[in-house]
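Enquirer: Here it is, the structure, as structure tokens.
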Amino acid sequence: MRYLPLTDTDRADMLERVGASSIDDLFVDVPELARLDGPIRDLPMHASEMAVERHMSARAKKNLAAGDAPFFLGAGAYRHHVPASVDTVIQRGEFLTAYTPYQPEIAQGTLQMLFEFQTQVARLYGCAVANASLYDGSTACWEAVAMAGRVTRRKRAVLSGALHPHYSQVVKTMAQFTGDTIADAQPSIQTEPDLEGLTSRIDEETACVVVQYPDILGRISDLSKVAEAAHAKGALLVVVNTEPVALGAIKSPGEMGADIVVGEGQAIGVGLQFGGPYLGLFAVRDPKHVRQMPGRLCGETTDAEGKRGFVLTLSTREQHIRREKATSNICTNSGLCALAFSVHLTLLGEQGLRELAAENHRLACHAADRLARVPGVSLLNDAFFNEFTLMLNGKPAREIVRELADRGVLGGVSLGRLYPGVEALEQALLVAVTETTTEEDIETLATEIEALVKEAGQ
Amino acid sequence: MSAPNKSGWKPAMNAAADGMHNGPATTTGNRALMLEEPLIFEIGHAETTGVDLPEIDPTAPNRLAGLSRAEPIGLVGLTEPEAVRHYTRLSRQNYGIDLGFFPLGSCTMKHNPRLNEKLARLPGFADIHPLAPQSTVQGALQVIHELGDWLCKLTGMPSVAMSPKAGAHGELCGILAIRAAHTANGNPREVVLVPESAHGTNPATAAFAGYKVDNIPATPEGRVDVDALKARLGPDVAAVMITNPNTCGLFEKDFRTIADAVHEAGGYVYCDGANFNAIVGRVRPGDLGVDAMHINLHKTFSTPHGGGGPGSGPVVFSEALAPFAPLPFVRKHEDGSYDLVEEEQREVSRGQAFGRMTAFHGQMGMFTRALTYMLSHGADGLKQVAEDAVLNANYILRSLEDILHAPFADSGPCMHEALFGDKDFGGGLSTLDLAKGLIDEGYHPMTVYFPLVVHGAMLVEPTETESKASIDQFITAFRSVTQRALEGDETLKQAPYYAPRRRLDETAAARKPKLAWSEPEE
Amino acid sequence: MPRYFTEEHEWIDVEGDSATVGITDYAQEQLGDIVFVELPDVGAMLDKGGDAAVVESVKAASDVYSPITGEVTEANGALEDEPALVNSSAEEEGWFFRLTVGDRDELEGLMDGKAYKAFVDNL
């Protein structure tokens, strides 16, 4: 077996050294009823690299990769071009096969990278401090709600109707067990989000109000007023971002008064990967809230010779020390994804991120105009970054998406998929456009939608 | 005699006077291949970029609602050659499995096969969107289903939830399902019993789920005290959480008895599967009465640790808990097609799903790697994995127990890891000093100060992917550093001497946290 | 001014209706370098034996319990900037908080200095 270095001679020598006559002697503590007489049945035996590659490739080929079709999906996961050197870096064994940096003298590579990552995220979000990452955007969103509860000592969270419905689901799932009250809503199909309606739901019991920016329909709006309204009632503003590239073009949540900013970092460096692993980003605007943050934090210090170095710090917040009093049960971060994000963002830099964002917006504007000219199709948004909502006449958008797929076009995410059974949202189609989208792709989508909508109208 | 050294080159090997310094200081602070590297913010510039993109047309109209980001973000860029060098230099300050022996107990730092990496990067897996129409991702759904099937068969459990993002998330998934099951019976109950040797996530998870945590003591031989546990059972106990093999590296031989007693009292048995790698292919937890168990794919099934994640923590469930597992999950139809059961089909098969734990379907990138590993090993190879891991650990235990305090050496064979304590160290030296001494010998230290039940605990886990020669060399080094610790060798207090950094001031870091870079003040 | 000690290594000075609470020198020694102290809010009601504060070293966090029942009147703000005061002056400048003395009977079961020293010597 290619991954097992012991030879039979080694095994025999070692068994002798430990005083066992056979390997079974080392498993004597397993009760008789749980002993097996051989390899587990109904599973194949070992296989060569070539055979395994054949097995897995056969499955990969059954999927339509985004790069092989006109592709317009977003809704919390975005396809961007990732420079080749990102993968080169994350495949270096010293990053790939390292452990959590608990021995800082021999983990400065990971630690310095995390310190750079935390700084990048904090600046992107307009915040003072970011952590070393969480699982993904949706779990980070829950952690923000939980943290707001700790800071304000209140148990009620108000969720915007335009928060990603899966994020709302995660928050509601967790709140069932913690006794928090979650006030959520569904998005209203309007050109602009109903921020007055949202602020009117904030009361003196409210720990936080959670708003997505850009929101699930791709809309963007100034959240300063929401921040003021929340702060007036002693509540925190949590802003959720699922497309970090947008923050190369639009104001940061911190600038608008967000207290906690969380999001999904997947769009930079990580890739689509069918939903995971992704990268939960978490930052706070006010450094005094740091000790209430969940997750690992990397900090600067010096070594015994006075050289700068980095360590994991403030770990008394975490489960391995606080046990049942920890800020979260989270054990890990999303280290390798954080590295991919940080390398990609370092390659972009300020200039590159701004150019990337501008290019996304330019193409999205073009696509929105082109698609809005299709008969039976209208554009909901006045404002958007790289994703917008189309209203389709005739058939539910969900069916149109399926039919587009049959024609080899990955044409967007229907709100019917995200909000099953909600009739008011059935006609809506979310379309995301990035720098990877070509003008031909946009033309293909327009032509195919036109055909399908026309067919439905007949 | 003939000339033994024709070239006449005799490398000078004179050690420094105190035996600890590598020569004079250098101008750069570098020491040959050990290169110092500044932060990106100290070497990059706002206008530098390593990516070629169209220039911004400042006159182009926008639809950004007047929210254009006017102020500098504060990011810096590097060109590709600078970036590659920066990260390459950083990487060389890290220890990794690829570099050497990494006997970190409980963490299972086994070799990460590169085939896993290659196949996870196939565009058919890496470049598909989680919300893509299901007709276009049948192969991906098949992989999730197939991996789930392997996990069920290897554990002897009927059902699996694939979405948890890491071990702790899986643990939470298991406990939430238990709470949901009790709640469906009309009473969530109040208490979760956790052995005192448990990992910190166990009580943190139980507390999160709204349970009070009661500790169960261990016997002197390092196993759960069955009588104490039985005495504590009652109608208020929702579950017990037991790690098996346990954190002392021992198989809980009374697990089945415990499980039967817990079930008798109407509770559920949560098994922390962190150490499943010791028994994979040899023992099925389902045969021991487990109701829920998470599996860390990075430990047992060789997905990379990545410097701290991402992990993946699928949870296997018994019949009793299966209906409460979270959404979404993959379902296979009779015609061989697959679909994803989400909220709208909640009622389809597991009507009492407790909810959703994450936005999408789990760690697909880890699933492809883990399945690749399983296929490589097969049922026979996985059994060998467990056997070699256990043999290696016992070999280490028996090779060190004469010199190092091994509190449970008489409790029978250990499983995949050997536990030692710091008894009899001289000169005020501690486990930490021994660990740092091992760094100088070229090893990543073992896990230290865990589990809490042993003073100065050292948990050594060799894994199955080390050769006998590698283990023998480690034993020699470990014995040597142990000898120094026993003799009270003062020099250990300042170790490591040869790592990229000496000991770091963690107190200063925590007292005045500096968690982000800021421009130096003029 | 009488000083009392608890078995959980808190000290309490009582002066009329007010008392000052901190952790003992022995406790700070056991904890090592203190990096952070979380203090109760002024106005908080504390129960005898209930959680009052948290004291943290790099690798440990310990709860500090209130030796008596009362309302917090003041917290030692100096510890926020300089938690090391607990190490350098645990039983003076490193005090944690002041609270009202509701029920003097609660002081009954506490130790005096001599008893505490004997208690610690036996640990």
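Ordering of the structure tokens sets the chain letters (A, B, ...), residue numbers begin anew at 1 in every chain, and ligands are numbered from 1 in the order given.
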Give me the residues near B:Gly77 as an NGL selection string, where near means some atom within 12 Å (using only C-alpha atoms) and where sequence neighbours in that chain fewer than 5 positions away do not count.
Expert: (:A and (120 or 342-354)) or (:B and (39-51 or 82-83 or 86))
Enquirer: Specify as a list in words all residues of chain C found within 9 Å of chain A, counting only C-alpha atoms.
Expert: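 Matching residues, ligands excluded from the count: Val35, Glu56, Ser57, Val58, Lys59, Ala60, Ala61 and Ser62 of chain C.
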Enquirer: Just need the residues of chain C within 9 Å of chain B, counting only C-alpha atoms, so spit them out as a PDB file with N, CA and C atoms, in the first residue's frame.
Expert:
```
ATOM      1  N   ASP C  33       1.299  35.331  34.866  1.00  0.00           N
ATOM      2  CA  ASP C  33       1.097  36.699  34.359  1.00  0.00           C
ATOM      3  C   ASP C  33      -0.365  36.945  34.003  1.00  0.00           C
ATOM      4  N   ILE C  34      -0.957  37.897  34.685  1.00  0.00           N
ATOM      5  CA  ILE C  34      -2.353  38.234  34.399  1.00  0.00           C
ATOM      6  C   ILE C  34      -2.391  39.138  33.169  1.00  0.00           C
ATOM      7  N   VAL C  35      -3.251  38.800  32.208  1.00  0.00           N
ATOM      8  CA  VAL C  35      -3.312  39.612  30.991  1.00  0.00           C
ATOM      9  C   VAL C  35      -4.618  40.396  30.855  1.00  0.00           C
ATOM     10  N   PHE C  36      -5.614  39.997  31.614  1.00  0.00           N
ATOM     11  CA  PHE C  36      -6.899  40.690  31.458  1.00  0.00           C
ATOM     12  C   PHE C  36      -7.777  40.427  32.668  1.00  0.00           C
ATOM     13  N   SER C  57      -5.037  34.658  32.558  1.00  0.00           N
ATOM     14  CA  SER C  57      -3.627  34.619  32.184  1.00  0.00           C
ATOM     15  C   SER C  57      -3.595  34.154  30.732  1.00  0.00           C
ATOM     16  N   VAL C  58      -2.401  33.920  30.196  1.00  0.00           N
ATOM     17  CA  VAL C  58      -2.333  33.570  28.778  1.00  0.00           C
ATOM     18  C   VAL C  58      -3.089  32.279  28.489  1.00  0.00           C
ATOM     19  N   ASP C  81      -6.182  48.997  32.001  1.00  0.00           N
ATOM     20  CA  ASP C  81      -4.952  49.357  31.296  1.00  0.00           C
ATOM     21  C   ASP C  81      -3.763  48.560  31.792  1.00  0.00           C
ATOM     22  N   GLU C  82      -3.831  48.170  33.036  1.00  0.00           N
ATOM     23  CA  GLU C  82      -2.655  47.537  33.618  1.00  0.00           C
ATOM     24  C   GLU C  82      -3.031  46.316  34.460  1.00  0.00           C
ATOM     25  N   PRO C  83      -3.412  45.243  33.776  1.00  0.00           N
ATOM     26  CA  PRO C  83      -3.787  44.035  34.511  1.00  0.00           C
ATOM     27  C   PRO C  83      -2.633  43.494  35.359  1.00  0.00           C
ATOM     28  N   ALA C  84      -1.401  43.884  35.002  1.00  0.00           N
ATOM     29  CA  ALA C  84      -0.233  43.395  35.742  1.00  0.00           C
ATOM     30  C   ALA C  84      -0.246  43.848  37.195  1.00  0.00           C
TER      31      ALA C  84
END
```
Enquirer: With distances taken over only C-alpha atoms, which of A:Val311, A:Met256, A:Leu281, A:Ala338 is nearest to A:Gly137?
Expert: A:Leu281
Enquirer: Near C:Gly49, counting only C-alpha atoms, which residues have an atom at most 7 Å away, once you skip same-chain residues fewer than 5 positions from it, shown as a ChimeraX atom specification?
Expert: /C:65-68
Enquirer: Using the selection just defined, write its residues with N, CA and C atoms as a JSON list (two decimals), in the first residue's frame.
Expert:
```
[["chain", "number", "residue", "atom", "x", "y", "z"],
["C", 65, "TYR", "N", -15.36, 34.93, 42.52],
["C", 65, "TYR", "CA", -16.69, 34.92, 43.13],
["C", 65, "TYR", "C", -16.81, 36.04, 44.16],
["C", 66, "SER", "N", -17.99, 36.52, 44.34],
["C", 66, "SER", "CA", -18.20, 37.54, 45.34],
["C", 66, "SER", "C", -18.30, 36.88, 46.74],
["C", 67, "PRO", "N", -17.51, 37.36, 47.69],
["C", 67, "PRO", "CA", -17.54, 36.74, 49.02],
["C", 67, "PRO", "C", -18.84, 37.01, 49.76],
["C", 68, "ILE", "N", -19.54, 38.09, 49.36],
["C", 68, "ILE", "CA", -20.79, 38.43, 50.04],
["C", 68, "ILE", "C", -21.81, 38.92, 49.02]]
```
Enquirer: Identify all residues of stretch 75-274 of chain B in helix (DSSP H, G or I) (DSSP on the backbone) and supply them as an MDAnalysis selection string.
Expert: chainID B and resid 80:91 114:120 123:126 134:136 138:155 167:184 201:208 226:232 255:264 273:274
Enquirer: Determine, counting only C-alpha atoms, which protein, DNA and RNA residues have an atom within 8 Å of an atom of C:Val21; residues of the same chain fewer than 2 positions away are not included. Present the result as a PyMOL selection string.
Expert: chain C and resi 10-13+19+23+66-67+95-98
Enquirer: What's the 8 Å shell around B:Gln494, counting only C-alpha atoms, without same-chain residues fewer than 3 positions away, as a list in words?
Expert: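 Once the adjacent positions are removed, what remains is Asp433, Glu490, Thr491, Tyr497, Arg502 and Arg503 of chain B.
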Enquirer: Record the distance separating atom CA of A:Thr173 and atom CA of B:Thr205, expressed in Å with one decimal.
Expert: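 Distance between the two atoms: 14.7 Å.
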Enquirer: Counting only C-alpha atoms, which of B:Phe255, B:Trp150, B:Phe101, B:Tyr449 gets nearest to B:Ala469?
Expert: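 Distance minimum relative to B:Ala469 lands on B:Phe101.
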